[in-house]
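Single-structure report; data block below.
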Amino acid sequence: MENTLGLEIIEVVEQAAIASSRWMGKGEKNTADQVAVEAMRERMNKIYMRGRIVIGEGERDEAPMLYIGEEVGICTQPDAKNYCNPDELIEIDIAVDPCEGTNLVAYGQNGSMAVLAISQKGGLFAAPDFYMRKLAAPPPARGHVDINKTPTQNLKILSECLGRAVEELVVVVMDRPRHKELIQEIRQAGARVRLISDGDVSAAISCAFAGTNIHALMGIGAAPEGVISAAALRALGGHFQGQLIYDPEVVKTGLIGESKEGNIARLNEMGITEPDRVYNAEELASGETVLFAACGITPGTLMEGVRFFNGGARTQSLVISSQSRTARFVDTIHLFDEPKILQLR
């Protein structure tokens, strides 16, 4: 799968990032998201594959493009028989977030990117549009920290695993009212807190890379982004755990359904009968092969944002593979106009 799709999924996130970055700083977060969706969908439908969106922009009636359940790729189009034999290709599940951090793009802030994860059919957890309590940590702490432990306990374990004093650890937390007690406990334990307004996928992945000065992600964020983070961290050997949050009183901000009881009923309809279960990275991204790709829209910890120049743009992307056990950073020049012939004198 990596050999046939690796380069093409990079181009998918690159095109989404370029489209969205044109709206950077214009205060139009919905437009920044819409153009990224359109660019991502257009490029995916040119790939020789049979893909199905398992995490996308929402239900079909709410999001006409890249909706959950939508089929993408040349081999899913009405005229597919003119291009390929669909039965010869494996079916692929795809999780996408064409513009992760729409507010970051709209207000010209750092940390937004276009992301996706793919695996064989059934290889990605089809997370509902709920929230998720998350814990991400570097590879040495994998299996040692635990989301059921207190933040203080996990910081002590993390300190021992990394050979660092607790005071040297940096924990990323989303700046939300629901995290007031969490932030207070982390600070009282001696660690430092980096607050972010949006974009916890980037923060989770950064835990797995040395030199980012990010040692953990804690707190509650969107569940679909949790699955995408899990896919990357599984391939990188990092630690990730997630637990669905279905009680509006816990979330405090954001839309999560009308009631706790109604949300539990919805989970049951989706076949999730253990709403309080804690999932690890291998359960959220269980496929034999998992690929992750991201492209910076605005500058971030791991990647530069899109940089335009006269006649083109430059992007920086990241592709992670569980198959080859690699993380590749790709620096690309995109030429929009025909290159000019230089006249030598």
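Residues are referred to by chain and number: the chain letter is A, B, ... according to the order shown in the structure tokens, the number counts from 1 in that chain, and ligands are numbered separately from 1 in the order shown.
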Shell around A:Glu57 at 12 Å using only C-alpha atoms, local window under 4 positions removed, as a ChimeraX atom specification | /A:30,33-34,36-38,40-41,53,61-70,94-100,128-129,224-225
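Residues in contact range of A:Ile118, defined as at most 10 Å between only C-alpha atoms, with sequence neighbours fewer than 4 positions away removed, read Met1, Glu2, Leu5, Ile9, Gly51, Arg52, Ile53, Val54, Ile92, Asp93, Ile94, Ala95, Val96, Gly123, Leu124, Ile228, Ala231, Ala285, Gly287, Thr289, Val290, Leu291, Phe292, Ala293 and Ser321 of chain A.
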Residues of the last selection are to be written out with N, CA and C atoms, as a JSON list (two decimals), in the first residue's frame.
[["chain", "number", "residue", "atom", "x", "y", "z"],
["A", 1, "MET", "N", 0.83, -1.20, 0.00],
["A", 1, "MET", "CA", 0.00, 0.00, 0.00],
["A", 1, "MET", "C", 0.87, 1.25, 0.00],
["A", 2, "GLU", "N", 1.96, 1.20, 0.78],
["A", 2, "GLU", "CA", 2.85, 2.36, 0.83],
["A", 2, "GLU", "C", 3.46, 2.63, -0.54],
["A", 5, "LEU", "N", 0.61, 4.10, -2.88],
["A", 5, "LEU", "CA", -0.14, 5.30, -2.47],
["A", 5, "LEU", "C", 0.70, 6.35, -1.77],
["A", 9, "ILE", "N", -0.70, 10.23, -1.63],
["A", 9, "ILE", "CA", -1.37, 10.82, -0.46],
["A", 9, "ILE", "C", -0.63, 12.08, -0.01],
["A", 51, "GLY", "N", -11.41, 3.80, -2.21],
["A", 51, "GLY", "CA", -11.36, 4.35, -0.87],
["A", 51, "GLY", "C", -12.73, 4.67, -0.31],
["A", 52, "ARG", "N", -12.83, 4.63, 1.01],
["A", 52, "ARG", "CA", -14.09, 4.98, 1.70],
["A", 52, "ARG", "C", -13.75, 5.86, 2.89],
["A", 53, "ILE", "N", -14.45, 6.99, 3.00],
["A", 53, "ILE", "CA", -14.21, 7.91, 4.10],
["A", 53, "ILE", "C", -14.89, 7.36, 5.36],
["A", 54, "VAL", "N", -14.11, 7.09, 6.40],
["A", 54, "VAL", "CA", -14.68, 6.63, 7.66],
["A", 54, "VAL", "C", -14.69, 7.75, 8.70],
["A", 92, "ILE", "N", -9.84, 0.48, 0.92],
["A", 92, "ILE", "CA", -9.08, 1.31, 1.84],
["A", 92, "ILE", "C", -10.01, 2.21, 2.63],
["A", 93, "ASP", "N", -9.79, 2.28, 3.94],
["A", 93, "ASP", "CA", -10.50, 3.22, 4.79],
["A", 93, "ASP", "C", -9.64, 4.46, 4.97],
["A", 94, "ILE", "N", -10.29, 5.61, 4.96],
["A", 94, "ILE", "CA", -9.57, 6.88, 5.01],
["A", 94, "ILE", "C", -10.17, 7.79, 6.08],
["A", 95, "ALA", "N", -9.32, 8.36, 6.91],
["A", 95, "ALA", "CA", -9.73, 9.38, 7.88],
["A", 95, "ALA", "C", -9.10, 10.69, 7.45],
["A", 96, "VAL", "N", -9.88, 11.73, 7.34],
["A", 96, "VAL", "CA", -9.36, 13.01, 6.85],
["A", 96, "VAL", "C", -9.73, 14.17, 7.75],
["A", 123, "GLY", "N", -9.62, -1.01, 9.18],
["A", 123, "GLY", "CA", -8.40, -0.77, 9.94],
["A", 123, "GLY", "C", -8.36, 0.52, 10.74],
["A", 124, "LEU", "N", -9.40, 1.35, 10.63],
["A", 124, "LEU", "CA", -9.47, 2.58, 11.40],
["A", 124, "LEU", "C", -10.79, 2.64, 12.16],
["A", 228, "ILE", "N", -6.89, 9.88, 14.07],
["A", 228, "ILE", "CA", -5.81, 10.26, 13.16],
["A", 228, "ILE", "C", -4.49, 10.35, 13.92],
["A", 231, "ALA", "N", -3.17, 6.84, 14.63],
["A", 231, "ALA", "CA", -2.57, 6.20, 13.46],
["A", 231, "ALA", "C", -1.11, 6.59, 13.33],
["A", 285, "ALA", "N", -6.22, 2.33, 15.43],
["A", 285, "ALA", "CA", -5.66, 2.15, 14.08],
["A", 285, "ALA", "C", -5.13, 0.72, 14.01],
["A", 287, "GLY", "N", -5.31, -1.62, 11.48],
["A", 287, "GLY", "CA", -5.01, -2.24, 10.20],
["A", 287, "GLY", "C", -3.60, -2.79, 10.11],
["A", 289, "THR", "N", -1.49, -2.36, 7.77],
["A", 289, "THR", "CA", -0.64, -1.24, 7.36],
["A", 289, "THR", "C", -1.38, 0.06, 7.62],
["A", 290, "VAL", "N", -0.69, 1.02, 8.18],
["A", 290, "VAL", "CA", -1.26, 2.34, 8.45],
["A", 290, "VAL", "C", -0.34, 3.40, 7.86],
["A", 291, "LEU", "N", -0.91, 4.31, 7.09],
["A", 291, "LEU", "CA", -0.16, 5.43, 6.54],
["A", 291, "LEU", "C", -0.77, 6.74, 7.05],
["A", 292, "PHE", "N", 0.08, 7.68, 7.36],
["A", 292, "PHE", "CA", -0.35, 9.00, 7.82],
["A", 292, "PHE", "C", 0.36, 10.03, 6.96],
["A", 293, "ALA", "N", -0.36, 11.08, 6.59],
["A", 293, "ALA", "CA", 0.27, 12.16, 5.83],
["A", 293, "ALA", "C", -0.27, 13.50, 6.32],
["A", 321, "SER", "N", 4.82, 5.77, 7.88],
["A", 321, "SER", "CA", 4.37, 4.44, 7.46],
["A", 321, "SER", "C", 4.69, 3.39, 8.52]]
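The interatomic distance for the pair atom CA of A:Ala313 and atom CA of A:Val330 works out to 13.8 Å.
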If you take only C-alpha atoms and a cut-off of 12 Å, which residues of stretch 251-313 of chain A touch stretch 139-156 of chain A, and what are their nearest atom pairs and distances in Å to one decimal, in chain and number order, as a tab-separated table?
residue	atom	partner	partner_atom	distance
A:Asp276	CA	A:Asn148	CA	11.3
A:Arg277	CA	A:Asn148	CA	10.9
A:Val278	CA	A:Ile147	CA	8.0
A:Tyr279	CA	A:Ile147	CA	9.8
A:Asn280	CA	A:Gly143	CA	9.4
A:Ala281	CA	A:Arg142	CA	10.2
A:Glu282	CA	A:Gly143	CA	11.8
One-decimal distance in Å that lies between atom CA of A:Val115 and atom CA of A:Gly73 | 17.2 Å
Any idea what's packed within 7 Å of A:Met174, counting only C-alpha atoms, ignoring anything in its chain fewer than 4 positions away? Could you give it as a ChimeraX atom specification?
-> /A:195-198
Skipping near chain neighbours, those fewer than 3 positions away, what residues fall within 12 Å of A:Val319 using only C-alpha atoms, listed as an MDAnalysis selection string?
-> chainID A and resid 2 5:14 114:118 205 231:232 235:236 290:296 302:303 316 322:331
If you run DSSP on this backbone, which residues of stretch 1-228 of chain A come out as strand (DSSP E), and could you give them as number ranges by chain?
-> A: 50-55, 71-72, 91-100, 113-120, 131-137, 170-174, 192-196, 216-222
